[in-house]
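Undergrad: Dumping the structure here so I can ask a few things about it.
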Amino acid sequence: MNQVHGWMTDVVILLPLLGALVVWLLPWPRRAAGPVALAFALAEVGFWINSASHFHFGGLTIAQQSKLTWFHDLGVSWHVGFTNFSIWLAGMAVVVMAAAIAYGMWAGRERPRGYFGLMLFLTSAIVGVFTAQDLLLFYVFWEAMLIPLYVLVGVWGGPGRLGATLKFVIYTMAGSLAMLASIIVLGLERGSFDIGALLTNGNNSTWLFLGFAAAFAVKAPLFPLHGWLPDAYREAPPEVSAVLSGVVSKAATYGFLYFGLFGFGQLGTGRPGTPVADLRTPILVLAAIGLVYGSLLAFRAPDVRGVIAYSSLAQVSLITIGLFATNLSGLNGALLQMVNHGLISGLLFLLAGTIERRTASGRLDRLGGMARGRPALATMLMATGVIALAVPGSTAFAGEFLILAGVFNFAWGYALVGTIAIVLAAMYMLRLISAVLHRDVGPAVSATALDLRTAELAILVPLLACLIALSVWPAAITDGAFGRDKTQISGVGVLVR
Amino acid sequence: VIAALATPHVEWFALAPALILLGVGGVCLLAAVLVPRPTRRPLSAWVCGLGYLGALVVSALLYDRSGDGHGVIADAIRRDRYAALAAIVVAGAGLLSVGVSYAQRVRDEHVAEFYALLAAAGAGMIFLAAANNLLVLFLSLEWFSLCLYVLCAIDYELEGALEAGLKYLIVGGFGSAFLLFGSALVYGATGELQFDRIAGAISSQGLVGDSLLLFGLALVLVGLGYKASAAPFHMWTPDVYEGAPTPVTAFMSAATKTAALVLALRVLVTAFPNEAHLWAPAVAALAIASLVIGNLAALGQRSIKRMLAYSSVSHAGFMLIGIAANNALGARAVLYYLVPYSAMSIGSFAVVAARERELRQPVTLDNIAGLGWERPVLGAAMATFMIGFAGLPPTGGFVGKFYVFAAAWDRRWIWLVVIGLVATVVSLYYYLGVIRSMFMRMPAEVGLAPSGGQPPAERALSVSVVAALVVTIGSFVAVQPLIDLARHAVTSSLSF
């Protein structure tokens, strides 16, 4: 069964790349590039649904594998496949990317062929990160994310884009190359770069794990490596910010989960790996600091995107806390929250984009009173904000509850910090909502600023619908993401072909 | 009298690539005097291009039919896959360079000589890669160097060209002197010229650690360092690369480095295996110096050609890591690395040449602004070359660096890997700076006068750039075939 569908995984990775080439190389008129790209993005969502519907959420496995030797003298291969949890992240990624591409089309980006080609290229890279089962291949996709992001922010971004991109790239690459050093050592030591070898045997070197952790901690970002974040999130076009904070940061938390916990940590094999045990406390402490610090900054941020950017820092920290609780409820919560935050953050940045288009300003002191006469905008922002602050009944509540329950079982102190941060989350989200929607009408809000148009709603409502569906049934993800066994984590050990 | 001399058997096939290019050079020289002016340019360019194509094909045949490496012509040169692979790279570089040169403003009186010298230089490099004794080494090194000295200065109306030619002549002469002196000392110590016999003499005569020999080895290393523009022997590189006509720079940066590094690896491994404990750290030191100096100096450059010159110094450093590793993996890594490196080098200088011809002034980070949108094919190709130089996927530059680091790690020189990685981070700043200039800054923003009208369409140059692009990305996809070529080349000639 798994073998039959292996090529489908290749299709899911390569289809957007094909789309990018089609957009770049064929002589499309300016107006056609966006629709063509959107068609590819939607087809990508369709292919993902096909992959997900064929997935058997039994025990924890790598399914739908496809393997082809790339260069054998160092043991590197094109080896891809979905795990129970990565398939959800890939799904979130393709949905958010499709929404971002649709938004870019609606916003009418300049130089459309370059723009949409890069967005599709980025989609390919992100799906590749979530499916790669070879260390070097993972690194290739990981780096391949960087180039389109660099250009997307640098060309289509705001006035401060050049500085923002430079900071972003230097930060990211410094982390990534530490990971490359680790990958080289890890792969050559074994003579194979296949992740299966790492999953079954683990590795006892804290240094090597530190190399990986550096890359993930920068990309996520974890405190104090978040220096690039506010600039990049503010200067990027809103839909690229949505991708950066919604999807790309999840690549980092996914890395912590897959390489850190299952690889170095040997989760579920009954012989916990020392590197994770060594670094768990520092990472948890940094995440806890990031959680509170990000929340406070979000509360103090002067503009809409600032609030979302710093809340993203806080949320990623919370996810990291859930991961490094290293128990089942922590992992489930973290995974659910990764998907949630991807959708929420995507929605919020796209909403921020629609607000900025109407007011030519994102500053909270110049906004206000937008709810009157704009029911659709008010409803969308309110609904997203309420889910974001984890109101009981929402999927974010389910995720955060599981995270806190998990980490409480590990050490109650972090759970206490997490609870405080949830209160802070309520504070900054409500501040954002009231500053945009309520209070007196701000100077930047003209009476002619329209409500959300049908096209915008067509982009935003599907994302919200995903969130509401998850709120109704969060178990859709948590039920089988780490195997059906409800008492312990099963290791991803039986998947090496 | 001639009959009385014992002449060695000459295996013409082994010499064919170099002979074809020499013949082509002769035809071009004849064209310079016999062919009327209007047809001189296309004719000599076509002849030179076809010559390089022929050399490429024959080198490929030679590669195919030289499974067992052996010395030919009284063992003066080697016929093996290693030399043939280097010849393929050099011939490919020459072929692309002809495309880049086609629309260059070379005076009609000199255009045929230009292509004659270009062909002859390639012949010398191919000969150098096959050299098997110190005499042939020196002769072929001088052979292509003389051609390049003239090529650098051939367009004497170009600002800086004469200076570049003279500087290259003097500094290059210095390097050659080092090499010659070193060769003499090695000969003096061992009484042998041939590489493998030198190794034999060293072990049979108990010369390990002999100071005369070691001094000679060091000087040979210095001389080759000059040609490969490895720091600290790189001082000529930025000035010459900047002053020479851009197509010549493109050819030099790819082909000279290929020949010099391939030969350096052969000499060190074949002639001085017993001194590996000394030269390996020395080469590693050269590599580190090249990485540090090349990268730091490139950071501050505004002129793209100077920046690329320093970048070529830093890439010499990366490839020297592979040589310093002194293992089969490192040799494969160097041979692989040369392929995408040559393509990226020629491609990026070709884009610079195109911009130069459009603006009629030296290309800087400022006046390249907007190129990416004005000429999307060249812009996207240049961006890919920069990404490849920086060692990011999806380019062969990434795999090359990966292999080099793997070779260093194979020796457990993790510190060398770390230095290489740090250098890579630093290099991102200036490589991405080019992309930033091309795509993210508009000509109006930097006050560049609008040139107006369509930029000149240069088909030959565009074909070269696209070919370089295909090699850059193709070498990322087809790693295994290239590595297999390199592996067979190494096993047929070097013994580790």
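Scheme for the structure tokens: letters A, B, ... for chains in order shown; per-chain residue numbers from 1; ligand numbers from 1 in order shown.
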Can you pull out the residues contacting B:Thr256? Cut-off 9 Å, using only C-alpha atoms, and skip same-chain residues under 2 positions away; I want them as a list in words.
TA: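 Counting only the stated atoms, we get Val90, Gly122, Met125, Phe144, Ser145, Lys227, Ala228, Phe251, Met252, Ser253, Ala254, Thr258, Ala259, Ala260 and Leu261 of chain B.
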Undergrad: The selected residues should be written to file as a short mmCIF file (atom, residue, chain, number, x, y, z; two decimals), in the first residue's frame (atoms: all heavy atoms).
TA:
data_model
loop_
_atom_site.label_atom_id
_atom_site.label_comp_id
_atom_site.auth_asym_id
_atom_site.auth_seq_id
_atom_site.Cartn_x
_atom_site.Cartn_y
_atom_site.Cartn_z
N VAL B 90 38.56 22.30 -19.21
CA VAL B 90 39.22 23.44 -19.86
C VAL B 90 38.58 23.72 -21.21
O VAL B 90 38.30 24.88 -21.56
CB VAL B 90 40.72 23.17 -20.01
CG1 VAL B 90 41.37 24.22 -20.91
CG2 VAL B 90 41.40 23.17 -18.65
N GLY B 122 44.36 27.58 -24.17
CA GLY B 122 43.67 26.35 -23.78
C GLY B 122 44.54 25.13 -24.03
O GLY B 122 44.60 24.22 -23.20
N MET B 125 47.01 24.76 -21.26
CA MET B 125 46.42 24.27 -20.01
C MET B 125 46.16 22.77 -20.08
O MET B 125 46.38 22.04 -19.11
CB MET B 125 45.13 25.01 -19.73
CG MET B 125 45.35 26.46 -19.36
SD MET B 125 43.81 27.35 -19.43
CE MET B 125 44.40 29.01 -19.13
N PHE B 144 50.88 28.68 -21.56
CA PHE B 144 49.58 29.34 -21.48
C PHE B 144 49.69 30.70 -20.79
O PHE B 144 48.91 31.61 -21.08
CB PHE B 144 48.53 28.43 -20.83
CG PHE B 144 48.56 28.32 -19.34
CD1 PHE B 144 48.11 29.36 -18.54
CD2 PHE B 144 49.00 27.16 -18.72
CE1 PHE B 144 48.12 29.24 -17.18
CE2 PHE B 144 49.01 27.05 -17.34
CZ PHE B 144 48.57 28.10 -16.57
N SER B 145 50.68 30.85 -19.91
CA SER B 145 50.81 32.15 -19.24
C SER B 145 51.14 33.25 -20.24
O SER B 145 50.57 34.34 -20.19
CB SER B 145 51.90 32.09 -18.17
OG SER B 145 51.52 31.19 -17.16
N LYS B 227 49.53 30.64 -9.64
CA LYS B 227 48.65 30.40 -10.79
C LYS B 227 47.22 30.13 -10.35
O LYS B 227 46.27 30.50 -11.03
CB LYS B 227 49.18 29.23 -11.62
CG LYS B 227 50.44 29.55 -12.37
CD LYS B 227 50.21 30.66 -13.39
CE LYS B 227 51.54 31.26 -13.82
NZ LYS B 227 51.40 32.53 -14.52
N ALA B 228 47.06 29.45 -9.23
CA ALA B 228 45.71 29.16 -8.76
C ALA B 228 45.11 30.34 -8.00
O ALA B 228 43.99 30.26 -7.54
CB ALA B 228 45.74 27.92 -7.86
N PHE B 251 37.60 33.42 -18.90
CA PHE B 251 38.37 32.23 -19.26
C PHE B 251 39.44 31.93 -18.23
O PHE B 251 39.59 30.80 -17.78
CB PHE B 251 38.99 32.44 -20.64
CG PHE B 251 39.82 31.29 -21.10
CD1 PHE B 251 39.21 30.08 -21.42
CD2 PHE B 251 41.19 31.40 -21.22
CE1 PHE B 251 39.96 29.01 -21.84
CE2 PHE B 251 41.94 30.32 -21.65
CZ PHE B 251 41.34 29.13 -21.96
N MET B 252 40.16 32.99 -17.82
CA MET B 252 41.24 32.80 -16.85
C MET B 252 40.71 32.23 -15.55
O MET B 252 41.28 31.30 -14.99
CB MET B 252 41.89 34.15 -16.54
CG MET B 252 42.97 34.54 -17.48
SD MET B 252 44.04 35.76 -16.72
CE MET B 252 42.93 37.02 -16.20
N SER B 253 39.61 32.83 -15.06
CA SER B 253 39.15 32.45 -13.73
C SER B 253 38.76 30.98 -13.71
O SER B 253 38.95 30.30 -12.70
CB SER B 253 37.97 33.31 -13.31
OG SER B 253 36.86 33.03 -14.14
N ALA B 254 38.22 30.48 -14.81
CA ALA B 254 37.79 29.08 -14.82
C ALA B 254 38.93 28.15 -15.21
O ALA B 254 39.29 27.24 -14.47
CB ALA B 254 36.61 28.91 -15.78
N THR B 258 41.47 25.65 -13.00
CA THR B 258 41.33 24.20 -13.22
C THR B 258 42.69 23.57 -13.45
O THR B 258 43.08 22.61 -12.76
CB THR B 258 40.44 23.94 -14.45
OG1 THR B 258 39.17 24.57 -14.22
CG2 THR B 258 40.25 22.47 -14.67
N ALA B 259 43.44 24.12 -14.42
CA ALA B 259 44.73 23.52 -14.77
C ALA B 259 45.67 23.53 -13.57
O ALA B 259 46.31 22.52 -13.25
CB ALA B 259 45.34 24.26 -15.95
N ALA B 260 45.73 24.68 -12.89
CA ALA B 260 46.71 24.80 -11.80
C ALA B 260 46.37 23.86 -10.65
O ALA B 260 47.25 23.19 -10.11
CB ALA B 260 46.75 26.24 -11.30
N LEU B 261 45.08 23.77 -10.29
CA LEU B 261 44.73 22.94 -9.15
C LEU B 261 44.86 21.46 -9.48
O LEU B 261 45.34 20.67 -8.66
CB LEU B 261 43.31 23.25 -8.69
CG LEU B 261 43.17 24.59 -7.95
CD1 LEU B 261 41.71 24.93 -7.72
CD2 LEU B 261 43.91 24.55 -6.63
#
Undergrad: List every residue of chain A that has an atom at most 8 Å from any atom of chain B, and for each one report the closest atom pair and its distance in Å to one decimal, counting only C-alpha atoms, with rows sorted by chain and then by increasing residue number, as JSON lines.
TA:
{"residue": "A:Trp70", "atom": "CA", "partner": "B:Gln480", "partner_atom": "CA", "distance": 6.5}
{"residue": "A:Phe71", "atom": "CA", "partner": "B:Gln480", "partner_atom": "CA", "distance": 4.7}
{"residue": "A:His72", "atom": "CA", "partner": "B:Gln480", "partner_atom": "CA", "distance": 7.1}
{"residue": "A:Val140", "atom": "CA", "partner": "B:Pro393", "partner_atom": "CA", "distance": 5.8}
{"residue": "A:Glu143", "atom": "CA", "partner": "B:Pro393", "partner_atom": "CA", "distance": 6.6}
{"residue": "A:Ala144", "atom": "CA", "partner": "B:Pro393", "partner_atom": "CA", "distance": 6.2}
{"residue": "A:Val151", "atom": "CA", "partner": "B:Met440", "partner_atom": "CA", "distance": 8.0}
{"residue": "A:Gly154", "atom": "CA", "partner": "B:Met440", "partner_atom": "CA", "distance": 5.9}
{"residue": "A:Val155", "atom": "CA", "partner": "B:Met440", "partner_atom": "CA", "distance": 4.8}
{"residue": "A:Leu162", "atom": "CA", "partner": "B:Arg436", "partner_atom": "CA", "distance": 7.7}
{"residue": "A:Leu166", "atom": "CA", "partner": "B:Tyr429", "partner_atom": "CA", "distance": 7.7}
{"residue": "A:Ile170", "atom": "CA", "partner": "B:Val425", "partner_atom": "CA", "distance": 7.0}
{"residue": "A:Met173", "atom": "CA", "partner": "B:Val425", "partner_atom": "CA", "distance": 6.4}
{"residue": "A:Ala174", "atom": "CA", "partner": "B:Val425", "partner_atom": "CA", "distance": 6.2}
{"residue": "A:Leu177", "atom": "CA", "partner": "B:Leu421", "partner_atom": "CA", "distance": 6.2}
{"residue": "A:Ala178", "atom": "CA", "partner": "B:Leu421", "partner_atom": "CA", "distance": 7.9}
{"residue": "A:Ala181", "atom": "CA", "partner": "B:Val417", "partner_atom": "CA", "distance": 7.3}
{"residue": "A:Ile184", "atom": "CA", "partner": "B:Ala406", "partner_atom": "CA", "distance": 6.4}
{"residue": "A:Val185", "atom": "CA", "partner": "B:Trp409", "partner_atom": "CA", "distance": 7.2}
{"residue": "A:Leu188", "atom": "CA", "partner": "B:Ala406", "partner_atom": "CA", "distance": 7.3}
Undergrad: For the helix (DSSP H, G or I) assignment from backbone DSSP, which residues of stretch 225-292 of chain B qualify? Please present them as an NGL selection string.
TA: :B and (225-227 or 236-243 or 246-271 or 273-292)
Undergrad: Counting only C-alpha atoms, which residue out of B:Ala230, B:Ala255, B:Ala153, B:Leu179 sits closest to B:Ser342?
TA: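 Of all the options, B:Ala255 lies closest to B:Ser342.
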Undergrad: If we count only C-alpha atoms, what is near B:Val186 at a cut-off of 8 Å, once residues fewer than 4 positions away on the same chain are taken out, given as a list in words?
TA: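 Counting only C-alpha atoms, the residues come to Gly182, Thr190, Gly191, Glu192, Leu212, Leu213, Leu214, Gly216 and Leu217 of chain B.
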Undergrad: Just to be explicit: take each residue in the selection above, keep C-alpha atoms, and write the result as an mmCIF file, in the first residue's frame.
TA:
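Final output, saved to selection-v7.cif:
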data_model
loop_
_atom_site.group_PDB
_atom_site.id
_atom_site.type_symbol
_atom_site.label_atom_id
_atom_site.label_comp_id
_atom_site.auth_asym_id
_atom_site.auth_seq_id
_atom_site.Cartn_x
_atom_site.Cartn_y
_atom_site.Cartn_z
ATOM 1 C CA GLY B 182 61.792 24.889 -6.854
ATOM 2 C CA THR B 190 66.714 13.696 -6.331
ATOM 3 C CA GLY B 191 68.332 13.713 -9.751
ATOM 4 C CA GLU B 192 64.939 13.013 -11.306
ATOM 5 C CA LEU B 212 67.041 20.899 -0.247
ATOM 6 C CA LEU B 213 64.115 18.802 -1.362
ATOM 7 C CA LEU B 214 61.692 20.380 1.067
ATOM 8 C CA GLY B 216 62.168 22.882 -3.539
ATOM 9 C CA LEU B 217 58.754 21.463 -2.710
#
Undergrad: Where in stretch 32-81 of chain A does DSSP assign strand (DSSP E or B), given as JSON, numbers by chain?
TA: {"A": [62, 63, 64, 65, 66, 67, 68, 69, 70, 71, 76, 77, 78, 79, 80, 81]}
